Structures are given as structure tokens and as C-alpha cells.
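This is upload21.json. It holds JSON, C-alpha atoms.
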[["chain", "number", "residue", "atom", "x", "y", "z"],
["A", 1, "MET", "CA", 28.99, 0.69, 27.55],
["A", 2, "PRO", "CA", 30.66, 4.02, 28.28],
["A", 3, "TRP", "CA", 30.59, 5.15, 31.86],
["A", 4, "PRO", "CA", 29.46, 8.57, 33.02],
["A", 5, "ARG", "CA", 32.27, 10.91, 34.02],
["A", 6, "GLU", "CA", 33.49, 14.41, 33.62],
["A", 7, "SER", "CA", 35.98, 13.73, 30.83],
["A", 8, "SER", "CA", 36.41, 11.70, 27.65],
["A", 9, "GLU", "CA", 37.86, 8.19, 27.73],
["A", 10, "ASP", "CA", 41.13, 9.36, 26.15],
["A", 11, "ASP", "CA", 41.40, 12.15, 28.72],
["A", 12, "LEU", "CA", 40.87, 9.53, 31.42],
["A", 13, "VAL", "CA", 43.87, 7.54, 30.14],
["A", 14, "ALA", "CA", 46.03, 10.67, 30.27],
["A", 15, "ARG", "CA", 44.82, 11.45, 33.79],
["A", 16, "LEU", "CA", 45.49, 7.86, 34.94],
["A", 17, "THR", "CA", 49.00, 8.00, 33.50],
["A", 18, "ALA", "CA", 49.57, 11.28, 35.34],
["A", 19, "GLY", "CA", 48.50, 9.63, 38.62],
["A", 20, "ASP", "CA", 45.21, 11.53, 39.03],
["A", 21, "GLU", "CA", 43.43, 9.93, 42.01],
["A", 22, "ARG", "CA", 39.99, 11.02, 40.79],
["A", 23, "ALA", "CA", 40.62, 9.26, 37.49],
["A", 24, "TRP", "CA", 41.50, 6.07, 39.34],
["A", 25, "ALA", "CA", 38.34, 6.45, 41.43],
["A", 26, "GLU", "CA", 36.27, 6.82, 38.24],
["A", 27, "LEU", "CA", 37.86, 3.72, 36.74],
["A", 28, "TYR", "CA", 37.35, 1.78, 39.96],
["A", 29, "GLN", "CA", 33.69, 2.81, 40.19],
["A", 30, "GLU", "CA", 33.11, 1.67, 36.62],
["A", 31, "LEU", "CA", 34.99, -1.62, 36.59],
["A", 32, "ALA", "CA", 35.42, -2.98, 40.14],
["A", 33, "GLY", "CA", 31.94, -4.53, 40.32],
["A", 34, "ARG", "CA", 32.25, -6.09, 36.89],
["A", 35, "ILE", "CA", 35.68, -7.54, 37.62],
["A", 36, "ALA", "CA", 34.44, -8.87, 40.99],
["A", 37, "GLY", "CA", 31.44, -10.48, 39.27],
["A", 38, "TYR", "CA", 33.73, -12.06, 36.71],
["A", 39, "ALA", "CA", 35.98, -13.38, 39.50],
["A", 40, "ARG", "CA", 32.98, -14.67, 41.48],
["A", 41, "ALA", "CA", 31.70, -16.52, 38.41],
["A", 42, "LYS", "CA", 35.11, -18.12, 38.03],
["A", 43, "GLY", "CA", 35.02, -19.40, 41.63],
["A", 44, "VAL", "CA", 37.55, -17.06, 43.23],
["A", 45, "SER", "CA", 37.27, -17.28, 47.03],
["A", 46, "ASP", "CA", 37.91, -13.56, 47.57],
["A", 47, "PRO", "CA", 36.80, -11.51, 44.54],
["A", 48, "ASP", "CA", 37.45, -8.20, 46.30],
["A", 49, "ASP", "CA", 41.06, -9.19, 46.88],
["A", 50, "LEU", "CA", 41.43, -10.03, 43.21],
["A", 51, "VAL", "CA", 39.96, -6.64, 42.25],
["A", 52, "GLY", "CA", 42.57, -4.99, 44.47],
["A", 53, "ASP", "CA", 45.32, -7.00, 42.79],
["A", 54, "VAL", "CA", 44.06, -6.02, 39.34],
["A", 55, "PHE", "CA", 43.99, -2.31, 40.18],
["A", 56, "ALA", "CA", 47.40, -2.49, 41.87],
["A", 57, "ALA", "CA", 48.88, -4.17, 38.80],
["A", 58, "ALA", "CA", 47.21, -1.59, 36.54],
["A", 59, "ALA", "CA", 48.62, 1.26, 38.62],
["A", 60, "GLU", "CA", 52.12, -0.23, 38.34],
["A", 61, "ARG", "CA", 51.83, -0.72, 34.58],
["A", 62, "ILE", "CA", 49.77, 2.30, 33.47],
["A", 63, "GLY", "CA", 52.92, 4.04, 32.23],
["A", 64, "ARG", "CA", 53.42, 1.22, 29.72],
["A", 65, "PHE", "CA", 49.76, 1.14, 28.64],
["A", 66, "ASP", "CA", 49.41, 2.00, 24.97],
["A", 67, "GLY", "CA", 45.87, 2.60, 23.89],
["A", 68, "ASP", "CA", 42.79, 4.70, 24.15],
["A", 69, "GLY", "CA", 39.94, 4.62, 26.63],
["A", 70, "GLU", "CA", 38.15, 1.86, 24.76],
["A", 71, "ARG", "CA", 41.21, -0.39, 24.93],
["A", 72, "LEU", "CA", 41.61, 0.37, 28.65],
["A", 73, "ARG", "CA", 38.66, -1.81, 29.66],
["A", 74, "SER", "CA", 40.01, -4.78, 27.69],
["A", 75, "TRP", "CA", 43.41, -4.25, 29.26],
["A", 76, "MET", "CA", 41.93, -4.29, 32.78],
["A", 77, "PHE", "CA", 40.04, -7.53, 32.08],
["A", 78, "THR", "CA", 43.18, -9.05, 30.56],
["A", 79, "ILE", "CA", 44.97, -8.36, 33.85],
["A", 80, "ALA", "CA", 42.01, -9.92, 35.70],
["A", 81, "HIS", "CA", 42.10, -12.93, 33.37],
["A", 82, "HIS", "CA", 45.80, -13.49, 34.16],
["A", 83, "ARG", "CA", 45.20, -13.05, 37.91],
["A", 84, "LEU", "CA", 42.39, -15.62, 37.72],
["A", 85, "ALA", "CA", 44.72, -18.08, 36.02],
["A", 86, "ASP", "CA", 47.25, -17.52, 38.83],
["A", 87, "ASP", "CA", 44.49, -18.03, 41.43],
["A", 88, "LEU", "CA", 43.39, -21.27, 39.76],
["A", 89, "ARG", "CA", 46.96, -22.60, 39.83],
["A", 90, "ARG", "CA", 47.25, -21.73, 43.54],
["A", 91, "ARG", "CA", 43.94, -23.44, 44.34],
["A", 92, "LYS", "CA", 45.01, -26.58, 42.50],
["A", 93, "ARG", "CA", 48.20, -26.72, 44.59],
["A", 94, "ARG", "CA", 46.27, -26.41, 47.86],
["A", 95, "ALA", "CA", 43.93, -29.22, 48.79],
["A", 96, "THR", "CA", 41.60, -26.96, 50.78],
["A", 97, "ASP", "CA", 41.38, -23.35, 51.79],
["A", 98, "ALA", "CA", 41.19, -22.77, 55.52],
["A", 99, "VAL", "CA", 38.44, -20.44, 56.67],
["A", 100, "ALA", "CA", 39.66, -17.56, 58.75],
["A", 101, "PRO", "CA", 37.88, -17.28, 62.14],
["A", 102, "ARG", "CA", 36.76, -13.73, 61.31],
["A", 103, "GLU", "CA", 34.70, -15.20, 58.45],
["A", 104, "PHE", "CA", 32.39, -16.78, 61.06],
["A", 105, "ASP", "CA", 31.86, -13.53, 63.02],
["A", 106, "ASP", "CA", 29.44, -11.98, 60.58],
["A", 107, "LEU", "CA", 27.85, -15.19, 59.27],
["A", 108, "GLU", "CA", 24.83, -14.87, 61.55],
["A", 109, "ALA", "CA", 24.23, -11.25, 60.52],
["A", 110, "ARG", "CA", 24.32, -12.20, 56.85],
["A", 111, "ALA", "CA", 21.95, -15.14, 57.32],
["A", 112, "ASP", "CA", 19.10, -12.81, 58.26],
["A", 113, "SER", "CA", 19.10, -10.79, 55.05],
["A", 114, "ILE", "CA", 16.18, -12.09, 52.96],
["A", 115, "GLY", "CA", 16.83, -9.65, 50.13],
["A", 116, "GLU", "CA", 20.43, -10.72, 49.89],
["A", 117, "ALA", "CA", 19.43, -14.37, 49.95],
["A", 118, "THR", "CA", 16.93, -13.90, 47.14],
["A", 119, "ALA", "CA", 19.48, -12.11, 44.99],
["A", 120, "ARG", "CA", 21.99, -14.83, 45.75],
["A", 121, "ILE", "CA", 19.55, -17.58, 44.70],
["A", 122, "ASP", "CA", 18.93, -15.79, 41.40],
["A", 123, "ALA", "CA", 22.66, -15.34, 40.83],
["A", 124, "ASP", "CA", 23.41, -18.93, 41.83],
["A", 125, "GLY", "CA", 20.79, -20.15, 39.38],
["A", 126, "ALA", "CA", 22.32, -18.14, 36.57],
["A", 127, "LEU", "CA", 25.82, -19.27, 37.51],
["A", 128, "ALA", "CA", 24.63, -22.90, 37.66],
["A", 129, "MET", "CA", 23.60, -22.62, 34.00],
["A", 130, "LEU", "CA", 27.19, -21.79, 33.14],
["A", 131, "GLN", "CA", 28.10, -25.33, 34.21],
["A", 132, "TRP", "CA", 26.18, -26.60, 31.17],
["A", 133, "VAL", "CA", 28.65, -25.09, 28.70],
["A", 134, "THR", "CA", 32.31, -25.68, 27.93],
["A", 135, "GLU", "CA", 35.06, -23.77, 29.77],
["A", 136, "GLU", "CA", 35.74, -21.50, 26.77],
["A", 137, "GLN", "CA", 32.03, -20.81, 26.30],
["A", 138, "ARG", "CA", 31.75, -20.01, 30.03],
["A", 139, "GLU", "CA", 34.67, -17.60, 29.73],
["A", 140, "VAL", "CA", 33.00, -15.79, 26.83],
["A", 141, "LEU", "CA", 29.66, -15.50, 28.65],
["A", 142, "THR", "CA", 31.20, -14.24, 31.89],
["A", 143, "LEU", "CA", 33.27, -11.62, 30.09],
["A", 144, "ARG", "CA", 30.37, -10.54, 27.87],
["A", 145, "ILE", "CA", 27.65, -10.51, 30.56],
["A", 146, "LEU", "CA", 29.38, -9.85, 33.87],
["A", 147, "GLY", "CA", 32.22, -7.81, 32.41],
["A", 148, "GLU", "CA", 29.94, -6.10, 29.89],
["A", 149, "LEU", "CA", 32.71, -6.37, 27.31],
["A", 150, "SER", "CA", 32.12, -6.17, 23.57],
["A", 151, "ILE", "CA", 32.96, -9.04, 21.23],
["A", 152, "ALA", "CA", 36.21, -7.27, 20.28],
["A", 153, "GLU", "CA", 37.16, -6.62, 23.92],
["A", 154, "THR", "CA", 36.39, -10.23, 24.86],
["A", 155, "ALA", "CA", 38.50, -11.43, 21.93],
["A", 156, "THR", "CA", 41.41, -9.31, 23.14],
["A", 157, "VAL", "CA", 41.17, -10.69, 26.69],
["A", 158, "MET", "CA", 40.95, -14.30, 25.49],
["A", 159, "GLY", "CA", 43.52, -13.92, 22.71],
["A", 160, "LYS", "CA", 41.06, -15.19, 20.09],
["A", 161, "PRO", "CA", 39.68, -13.74, 16.86],
["A", 162, "PRO", "CA", 36.30, -11.96, 17.21],
["A", 163, "GLY", "CA", 34.65, -14.56, 14.95],
["A", 164, "ALA", "CA", 35.70, -17.34, 17.32],
["A", 165, "VAL", "CA", 34.26, -15.42, 20.28],
["A", 166, "LYS", "CA", 30.96, -14.94, 18.42],
["A", 167, "ALA", "CA", 30.81, -18.64, 17.62],
["A", 168, "LEU", "CA", 31.56, -19.62, 21.23],
["A", 169, "GLN", "CA", 28.87, -17.26, 22.49],
["A", 170, "HIS", "CA", 26.32, -18.55, 19.98],
["A", 171, "ARG", "CA", 27.02, -22.20, 20.83],
["A", 172, "ALA", "CA", 26.85, -21.48, 24.57],
["A", 173, "ILE", "CA", 23.49, -19.74, 24.33],
["A", 174, "ALA", "CA", 22.13, -22.49, 22.06],
["A", 175, "ARG", "CA", 23.28, -25.16, 24.52],
["A", 176, "ILE", "CA", 21.64, -23.37, 27.46],
["A", 177, "GLN", "CA", 18.41, -22.89, 25.47],
["A", 178, "ARG", "CA", 18.29, -26.61, 24.55],
["A", 179, "ARG", "CA", 18.84, -27.57, 28.17],
["A", 180, "LEU", "CA", 16.10, -25.20, 29.38],
["A", 181, "GLU", "CA", 13.68, -26.58, 26.76],
["A", 182, "GLN", "CA", 14.27, -30.06, 28.18],
["A", 183, "ASP", "CA", 13.92, -28.94, 31.80],
["A", 184, "PRO", "CA", 12.67, -25.35, 32.23],
["A", 185, "TYR", "CA", 13.05, -25.50, 36.05],
["A", 186, "PRO", "CA", 16.28, -27.44, 36.59],
["A", 187, "ASN", "CA", 16.91, -26.21, 40.13],
["A", 188, "ALA", "CA", 13.32, -26.18, 41.33],
["A", 189, "VAL", "CA", 12.57, -27.53, 44.79],
["A", 190, "ALA", "CA", 9.36, -29.49, 45.14],
["A", 191, "ASP", "CA", 6.69, -27.95, 47.38],
["A", 192, "ASP", "CA", 5.70, -31.38, 48.60],
["A", 193, "ASP", "CA", 8.08, -33.20, 50.94],
["A", 194, "GLY", "CA", 6.73, -36.55, 49.75],
["A", 195, "SER", "CA", 4.84, -37.42, 52.90],
["A", 196, "GLU", "CA", 1.17, -38.28, 53.04],
["A", 197, "PRO", "CA", -1.21, -35.45, 54.11]]

What's the C-alpha cells form of this structure?
Amino acid sequence: MPWPRESSEDDLVARLTAGDERAWAELYQELAGRIAGYARAKGVSDPDDLVGDVFAAAAERIGRFDGDGERLRSWMFTIAHHRLADDLRRRKRRATDAVAPREFDDLEARADSIGEATARIDADGALAMLQWVTEEQREVLTLRILGELSIAETATVMGKPPGAVKALQHRAIARIQRRLEQDPYPNAVADDDGSEP
């Protein structure tokens, strides 16, 4: 899905290469949320930090980027994909992640936001469904849905042929549909606490 901006995608690449700050702001506005959503779906503890790493790496490497505006999005998600792999390796080496004391400061303020909680429940439910599919199928769905990447862009990020990506997506959706047919409300909480009236 092309993003709204003042210039064409190819012009954006030229402006990024030239170090145009507005071009970087346009790219960030378009992709930061999608990359953060992708990272969140993959279990990254600090998605915003990963987004910063991705954009920093892109800024360092933009001079070596060879492609048009359409290829740029795939390239950014490929960087994110590699950063996620690095993050996963780090998490496996550490038994637990310590919680910084500042994380507790705004916990109470966040707990009061009903709108945020409702959105989170919906997102958690959708993310829970991803646990029903294989790791490769999950990767395809997160890139296609959260990253809003095309089949070709997803194939580039994953290093797979487009036909394989289509097959993985089809099998993932079929698996989720079968599971929902068996139990349409898998995460439902009973209204009744089980006690006698």
C-alpha cells in the first residue's frame, strides 16, 4: 500500500540517499508502526527500541541500497527480520530480563485506560491465534498483516519463493479457520463463576 507523501517512491529513495531529513520522517511515519507491530508479534520486549535500531541501520546502509521505492519497504523489513533474529538469540542466552524500576512508575497510569485495555485484549486475542500455526506460517502472517507487505515483499524478507509464501499463508489461514470452527470462542471467559446463586 503506497503511503501519501509529496514525492514519488523513487524520488524518496534519492532523497533518503542524499540525507534529506523530511524523507526519513516520511519513511518513519509510514513504516515505524508496522515494524513495531511486527516486533511486538514476535515477542520483542521493547519494539520501539528495535524500530530505532532498524532505522539506524538503514541510515548507515542507505548509500549501498540498490532498488526503487517498492523494494525499499522489503529492505526495511529484511533489516527488522535480522534484528529480530539477533534479539531472539540474546533472549535465549539470558534466562530472564530484569524489569527496570522506571517501568513500574507509569504502570498505575496505564492500568486506568479502558480503551487501551480493550484494544489490547483484541490484539492479544489475534496474537494468540498465531500460536496455532507453525513458526514459518506465523512469520508470513505477521509480515503480511502487521507489516502490510505483499507476497513478493514477504518472500524477499523471508528468502523464499513467492509460491512458498502463498502456500504458507494459505495453510496458516486454513489451520486458524479449522480451529475456530471447533471452538469459535477459544479465549472466552465464563460469565458464571461456578457458584450457586

Of the listed residues A:Val44, A:Leu143, A:Met158, A:Ala164, that which approaches Leu88 of chain A most closely, counting only C-alpha atoms: A:Val44

Option closest in space to Thr78 of chain A, from A:Ser45, A:Thr134, A:Thr154, A:Thr17 [counting all atoms listed in the file]: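 Nearest candidate to Thr78 of chain A out of A:Ser45, A:Thr134, A:Thr154, A:Thr17: A:Thr154.
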
Closest of A:Arg15, A:Arg83, A:Arg138, A:Ala58 to His170 of chain A - atom-to-atom distances counting all atoms listed in the file: A:Arg138

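Among A:Ala128, A:Ala56, A:Ala85, A:Leu16, the residue with the shortest atom-to-atom distance to Asp68 of chain A, counting all atoms listed in the file, is A:Leu16.
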
Shell of 7 Å around Gly69 of chain A, all atoms listed in the file, local chain residues under 3 positions omitted, as a list in words: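 That gives Glu9, Asp10, Leu12, Val13 and Leu72 of chain A.
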
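Of the residues listed (A:Phe77, A:Phe55, A:Tyr28, A:Trp132), A:Trp132 shows the shortest atom-to-atom separation from Ala174 of chain A; distances use all atoms listed in the file.
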
Between atom CA of Arg61 of chain A and atom CA of Ile145 of chain A, distance in Å (one decimal):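 Computing the Euclidean distance for atom CA of Arg61 of chain A and atom CA of Ile145 of chain A yields 26.4 Å.
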
Atomic separation - atom CA of Ala57 of chain A relative to atom CA of Ile79 of chain A, Å: 7.6 Å

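Across the model, the gap from atom CA of Glu70 of chain A to atom CA of Leu31 of chain A is 12.7 Å.
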
Of the listed residues A:Arg73, A:Arg64, A:Arg91, A:Lys42, that which approaches Glu136 of chain A most closely, counting all atoms listed in the file: A:Lys42

Who sits within 12 Å of Val140 of chain A, only C-alpha atoms, same chain under 3 positions skipped, as a PyMOL selection string: chain A and resi 38+41-42+81+130+133-137+143-160+162+164-173

Residues within 12 Å of (44.4, -10.7, 45.7), file coords, all atoms listed in the file, listed as an NGL selection string: :A and (36 or 39 or 44-57 or 80 or 82-84 or 86-87 or 90)
